[in-house]
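Everything on this sheet refers to the single structure shown next.
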Amino acid sequence: MSENEQLPTTTDEAKELAASAADELLARTGADSFDALVVLGSGWAGAAETLGSPDIEFDATELTGFFAPTAEGHTSQVRSVWVGDKRVVVFLGRIHLYENHTPAQTVHAVRTGLAAGARTAVLTGSAGSLRVDISPGEPVLLRDHINLTSSSPLTGPRFLDLSEAYSPRLRELTNEVDPSIAEGVYVATVGPQTQTPSELNVLRQAGADLVGHSIALETIAAVESGAEVLGLAIVSNDAVGAVFTPFESERALEVVTQRAHRLGELLSQILSRS
């Protein structure tokens, strides 16, 4: 995003910015519209290789309102992909609140994909596990989230119902594709620091199964725009065990990266049936 571009201060302004970016996206890709959008989380970039047939790829910062991620495991590339007869826009990384961005900026990719026609939003990420029965390397289907960022991408009296934020239809479809996949509740925190032992205990008592720094705000923005949301996280580390063994970010990223291609195959099967 250039220095002379004015930052949006309301939801309507943010959507107008996304609409401009969507027009540019469609022009760059030659698409009339997209059927779905995918945001790939930390270490997930390799999933784009097995997701579908690539069409065109370029740097998202060439579009209005986009910033380059600074977190390891994320890139600013955006790719148009064919998954069967569906055209999907894939963002190979995201920006976060802890990178000194506003809530509206962190959901700009999602709003851009939706403004370009997508009605399905697939939001992925890596997360620490708060359950002893969900180990590093396992994918987890999100059934709900707890937003502890004290932030929202919405402004004004937009009273949004999130009782079914994560599409029951898409969750059922995912279970048909992979009956072994676990379901869980994702808690979003600002980060980038990990939690203290006492904080982890509070999160577990609150019913959280996974902890990360993304997805929740994007889900709010997607639901507000009328999209179906599929949330999928891969466990990058044992958050509870980190109390005894220090968290290693490089190792956590490696766990996700090693499984990215398989995750792309899973997403491909889900999207092709959706």
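Starting from 1 in every chain, residues are counted up; chains themselves are A, B, ... following the order of the structure tokens, and ligands are numbered from 1 as listed.
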Name all residues at most 6 Å from stretch 137-150 of chain A (count only C-alpha atoms; drop same-chain ones fewer than 4 positions away) and give them as a tab-separated table (two decimals) with N, CA and C atoms, in the first residue's frame.
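Once everything was written out, this is out.tsv:
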chain	number	residue	atom	x	y	z
A	166	TYR	N	-18.75	-20.86	11.33
A	166	TYR	CA	-18.05	-21.86	10.52
A	166	TYR	C	-19.10	-22.80	9.93
A	182	ALA	N	-10.06	-34.12	13.39
A	182	ALA	CA	-10.60	-33.64	14.67
A	182	ALA	C	-11.24	-32.27	14.48
A	183	GLU	N	-12.19	-31.94	15.35
A	183	GLU	CA	-12.80	-30.62	15.37
A	183	GLU	C	-12.39	-29.92	16.66
A	184	GLY	N	-12.31	-28.59	16.59
A	184	GLY	CA	-11.90	-27.87	17.78
A	184	GLY	C	-12.28	-26.41	17.76
A	185	VAL	N	-12.11	-25.77	18.91
A	185	VAL	CA	-12.37	-24.35	19.09
A	185	VAL	C	-11.04	-23.60	19.07
A	186	TYR	N	-10.96	-22.60	18.22
A	186	TYR	CA	-9.74	-21.82	18.03
A	186	TYR	C	-9.85	-20.52	18.81
A	187	VAL	N	-8.83	-20.21	19.60
A	187	VAL	CA	-8.82	-18.93	20.28
A	187	VAL	C	-7.77	-18.04	19.63
A	188	ALA	N	-8.18	-16.83	19.25
A	188	ALA	CA	-7.28	-15.88	18.60
A	188	ALA	C	-6.78	-14.86	19.62
A	189	THR	N	-5.46	-14.74	19.72
A	189	THR	CA	-4.84	-13.74	20.56
A	189	THR	C	-4.00	-12.83	19.67
A	190	VAL	N	-3.61	-11.68	20.18
A	190	VAL	CA	-2.85	-10.73	19.36
A	190	VAL	C	-1.44	-11.24	19.09
A	231	GLY	N	-12.83	-23.13	8.31
A	231	GLY	CA	-11.60	-22.87	9.03
A	231	GLY	C	-10.84	-24.16	9.26
A	232	LEU	N	-9.56	-24.14	8.95
A	232	LEU	CA	-8.74	-25.34	9.12
A	232	LEU	C	-7.37	-24.93	9.64
A	233	ALA	N	-6.99	-25.48	10.76
A	233	ALA	CA	-5.67	-25.19	11.35
A	233	ALA	C	-4.88	-26.47	11.47
A	234	ILE	N	-3.57	-26.35	11.35
A	234	ILE	CA	-2.71	-27.50	11.62
A	234	ILE	C	-1.93	-27.21	12.89
A	235	VAL	N	-1.84	-28.19	13.74
A	235	VAL	CA	-1.15	-28.02	15.00
A	235	VAL	C	0.35	-27.95	14.74
A	255	VAL	N	7.11	-28.12	11.14
A	255	VAL	CA	6.04	-29.12	11.26
A	255	VAL	C	4.95	-28.86	10.23
Near A:Leu51, counting only C-alpha atoms, which residues have an atom at most 7 Å away, once you skip same-chain residues fewer than 3 positions from it, shown as a ChimeraX atom specification?
-> /A:47-48,83,264-265,267-268
Using only C-alpha atoms, find the one residue out of A:Ser236, A:Gln205, A:Thr155, A:Ser33 that sits nearest to A:Ala118.
->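 The closest residue to A:Ala118 is A:Ser33.
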What does the distance from atom CA of A:Val122 to atom CA of A:Leu37 come to in Å, to one decimal?
-> 6.2 Å
DSSP strand (DSSP E or B) residues within stretch 34-135 of chain A, listed as a PyMOL selection string = chain A and resi 36-39+53-59+77-83+86-91+120-129
Select from stretch 36-244 of chain A everything DSSP, run on the backbone, classes as helix (DSSP H, G or I), then give the selection as number ranges by chain.
-> A: 47-51, 60-62, 97-99, 103-106, 108-115, 168-177, 197-205, 216-224, 241-243
Just to be explicit: take each residue in the selection above, keep N, CA and C atoms, and write the result as a compact mmCIF listing (two decimals), in the first residue's frame.
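Written file, part20.txt:
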# COMPACT_ATOMS: atom_id res chain seq x y z
N ALA A 47 0.91 -25.78 0.17
CA ALA A 47 -0.41 -26.34 -0.13
C ALA A 47 -0.91 -25.85 -1.48
N ALA A 48 -0.45 -24.69 -1.91
CA ALA A 48 -0.88 -24.15 -3.19
C ALA A 48 -0.43 -25.03 -4.35
N GLU A 49 0.64 -25.80 -4.14
CA GLU A 49 1.18 -26.64 -5.21
C GLU A 49 0.28 -27.83 -5.51
N THR A 50 -0.46 -28.29 -4.54
CA THR A 50 -1.31 -29.47 -4.72
C THR A 50 -2.80 -29.12 -4.66
N LEU A 51 -3.09 -27.85 -4.54
CA LEU A 51 -4.48 -27.42 -4.44
C LEU A 51 -5.21 -27.54 -5.78
N ALA A 60 0.76 -9.58 -4.31
CA ALA A 60 -0.49 -8.92 -3.90
C ALA A 60 -0.28 -7.44 -3.58
N THR A 61 0.96 -7.04 -3.26
CA THR A 61 1.21 -5.63 -2.95
C THR A 61 1.06 -4.74 -4.19
N GLU A 62 0.91 -5.36 -5.35
CA GLU A 62 0.64 -4.59 -6.56
C GLU A 62 -0.84 -4.18 -6.64
N LEU A 97 -2.27 -8.54 13.32
CA LEU A 97 -2.35 -7.37 14.18
C LEU A 97 -0.98 -7.05 14.79
N TYR A 98 -0.21 -8.08 15.14
CA TYR A 98 1.07 -7.83 15.81
C TYR A 98 2.12 -7.24 14.87
N GLU A 99 1.81 -7.18 13.58
CA GLU A 99 2.70 -6.52 12.64
C GLU A 99 2.35 -5.03 12.51
N PRO A 103 -7.31 -3.89 12.27
CA PRO A 103 -8.19 -5.02 11.95
C PRO A 103 -8.64 -5.00 10.49
N ALA A 104 -8.99 -3.82 9.97
CA ALA A 104 -9.44 -3.73 8.58
C ALA A 104 -8.36 -4.18 7.61
N GLN A 105 -7.11 -3.84 7.92
CA GLN A 105 -6.01 -4.25 7.04
C GLN A 105 -5.80 -5.76 7.07
N THR A 106 -5.97 -6.36 8.24
CA THR A 106 -5.73 -7.81 8.34
C THR A 106 -6.76 -8.64 7.60
N HIS A 108 -8.24 -7.50 4.72
CA HIS A 108 -8.38 -6.92 3.38
C HIS A 108 -8.35 -7.99 2.29
N ALA A 109 -7.52 -9.01 2.44
CA ALA A 109 -7.45 -10.07 1.43
C ALA A 109 -8.79 -10.80 1.32
N VAL A 110 -9.39 -11.08 2.47
CA VAL A 110 -10.68 -11.77 2.47
C VAL A 110 -11.74 -10.91 1.80
N ARG A 111 -11.80 -9.64 2.16
CA ARG A 111 -12.80 -8.76 1.56
C ARG A 111 -12.56 -8.59 0.06
N THR A 112 -11.30 -8.59 -0.36
CA THR A 112 -11.00 -8.46 -1.78
C THR A 112 -11.48 -9.69 -2.54
N GLY A 113 -11.20 -10.88 -2.01
CA GLY A 113 -11.66 -12.11 -2.65
C GLY A 113 -13.16 -12.18 -2.75
N LEU A 114 -13.85 -11.75 -1.70
CA LEU A 114 -15.31 -11.76 -1.71
C LEU A 114 -15.85 -10.74 -2.70
N ALA A 115 -15.22 -9.57 -2.77
CA ALA A 115 -15.65 -8.55 -3.72
C ALA A 115 -15.41 -9.00 -5.16
N PRO A 168 -21.74 -25.17 8.82
CA PRO A 168 -22.04 -26.58 9.11
C PRO A 168 -21.96 -27.45 7.85
N ARG A 169 -22.38 -26.89 6.72
CA ARG A 169 -22.35 -27.65 5.47
C ARG A 169 -20.92 -27.99 5.07
N LEU A 170 -20.03 -27.01 5.15
CA LEU A 170 -18.64 -27.26 4.78
C LEU A 170 -17.93 -28.16 5.78
N ARG A 171 -18.32 -28.06 7.05
CA ARG A 171 -17.74 -28.94 8.06
C ARG A 171 -18.17 -30.38 7.81
N GLU A 172 -19.45 -30.57 7.46
CA GLU A 172 -19.94 -31.91 7.16
C GLU A 172 -19.23 -32.47 5.93
N LEU A 173 -19.02 -31.63 4.94
CA LEU A 173 -18.33 -32.05 3.72
C LEU A 173 -16.89 -32.45 4.02
N THR A 174 -16.24 -31.69 4.89
CA THR A 174 -14.86 -32.00 5.27
C THR A 174 -14.78 -33.34 5.99
N ASN A 175 -15.74 -33.60 6.84
CA ASN A 175 -15.78 -34.88 7.54
C ASN A 175 -16.03 -36.05 6.60
N GLU A 176 -16.75 -35.80 5.51
CA GLU A 176 -16.95 -36.84 4.50
C GLU A 176 -15.64 -37.13 3.77
N VAL A 177 -14.87 -36.09 3.50
CA VAL A 177 -13.59 -36.25 2.82
C VAL A 177 -12.57 -36.94 3.73
N PRO A 197 1.85 -19.97 31.56
CA PRO A 197 1.14 -21.15 32.06
C PRO A 197 -0.24 -20.82 32.61
N SER A 198 -0.38 -19.71 33.31
CA SER A 198 -1.69 -19.33 33.85
C SER A 198 -2.67 -18.97 32.74
N GLU A 199 -2.17 -18.29 31.72
CA GLU A 199 -3.03 -17.94 30.59
C GLU A 199 -3.50 -19.19 29.86
N LEU A 200 -2.61 -20.14 29.67
CA LEU A 200 -2.99 -21.39 29.03
C LEU A 200 -4.06 -22.12 29.83
N ASN A 201 -3.93 -22.08 31.15
CA ASN A 201 -4.93 -22.74 32.01
C ASN A 201 -6.29 -22.07 31.85
N VAL A 202 -6.31 -20.75 31.76
CA VAL A 202 -7.57 -20.03 31.57
C VAL A 202 -8.20 -20.38 30.23
N LEU A 203 -7.38 -20.46 29.18
CA LEU A 203 -7.89 -20.78 27.84
C LEU A 203 -8.48 -22.18 27.80
N ARG A 204 -7.84 -23.11 28.44
CA ARG A 204 -8.35 -24.48 28.47
C ARG A 204 -9.68 -24.53 29.23
N GLN A 205 -9.77 -23.81 30.34
CA GLN A 205 -11.02 -23.79 31.10
C GLN A 205 -12.14 -23.12 30.32
N ALA A 216 -9.80 -15.49 13.23
CA ALA A 216 -11.05 -15.01 13.82
C ALA A 216 -11.56 -13.73 13.16
N LEU A 217 -10.70 -12.72 13.00
CA LEU A 217 -11.15 -11.47 12.41
C LEU A 217 -11.54 -11.66 10.94
N GLU A 218 -10.81 -12.51 10.24
CA GLU A 218 -11.14 -12.80 8.85
C GLU A 218 -12.50 -13.49 8.76
N THR A 219 -12.78 -14.37 9.70
CA THR A 219 -14.07 -15.05 9.73
C THR A 219 -15.20 -14.05 9.94
N ILE A 220 -15.02 -13.12 10.85
CA ILE A 220 -16.04 -12.10 11.10
C ILE A 220 -16.32 -11.31 9.82
N ALA A 221 -15.27 -10.90 9.13
CA ALA A 221 -15.43 -10.13 7.90
C ALA A 221 -16.14 -10.95 6.82
N ALA A 222 -15.79 -12.23 6.72
CA ALA A 222 -16.39 -13.09 5.70
C ALA A 222 -17.87 -13.32 5.97
N VAL A 223 -18.21 -13.61 7.21
CA VAL A 223 -19.61 -13.85 7.57
C VAL A 223 -20.43 -12.59 7.35
N GLU A 224 -19.87 -11.45 7.71
CA GLU A 224 -20.59 -10.19 7.53
C GLU A 224 -20.90 -9.92 6.07
N GLY A 241 2.54 -28.38 26.47
CA GLY A 241 3.87 -28.93 26.72
C GLY A 241 4.96 -27.88 26.71
N ALA A 242 4.67 -26.73 26.05
CA ALA A 242 5.65 -25.65 25.99
C ALA A 242 5.95 -25.08 27.38
N VAL A 243 5.07 -25.38 28.34
CA VAL A 243 5.35 -24.96 29.72
C VAL A 243 6.62 -25.63 30.22
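Considering the residues A:Pro54, A:Gly156, A:Gly65, A:Gly191 and counting only C-alpha atoms, A:Ala22 has its shortest atom-to-atom contact with A:Gly65.
Atom pair atom CA of A:Val229 / atom CA of A:Asp133 has a distance of 25.3 Å (rounded to one decimal).
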Hey, which bits of stretch 90-125 of chain A sit within 8 Å of stretch 39-42 of chain A, and for each residue what's the closest pair of atoms and how far apart in Å (one decimal), counting only C-alpha atoms, rows by chain and increasing number, as a Markdown table?
| residue | atom | partner | partner_atom | distance |
| --- | --- | --- | --- | --- |
| A:Val90 | CA | A:Val39 | CA | 6.0 |
| A:Phe91 | CA | A:Val39 | CA | 4.9 |
| A:Leu92 | CA | A:Leu40 | CA | 5.1 |
| A:Gly93 | CA | A:Leu40 | CA | 5.3 |
| A:Arg94 | CA | A:Gly41 | CA | 6.7 |
| A:Ala109 | CA | A:Val39 | CA | 7.9 |
| A:Val110 | CA | A:Val39 | CA | 7.6 |
| A:Ala121 | CA | A:Val39 | CA | 8.0 |
| A:Val122 | CA | A:Val39 | CA | 6.4 |
| A:Leu123 | CA | A:Val39 | CA | 5.1 |
| A:Thr124 | CA | A:Gly41 | CA | 5.3 |
| A:Gly125 | CA | A:Gly41 | CA | 4.0 |
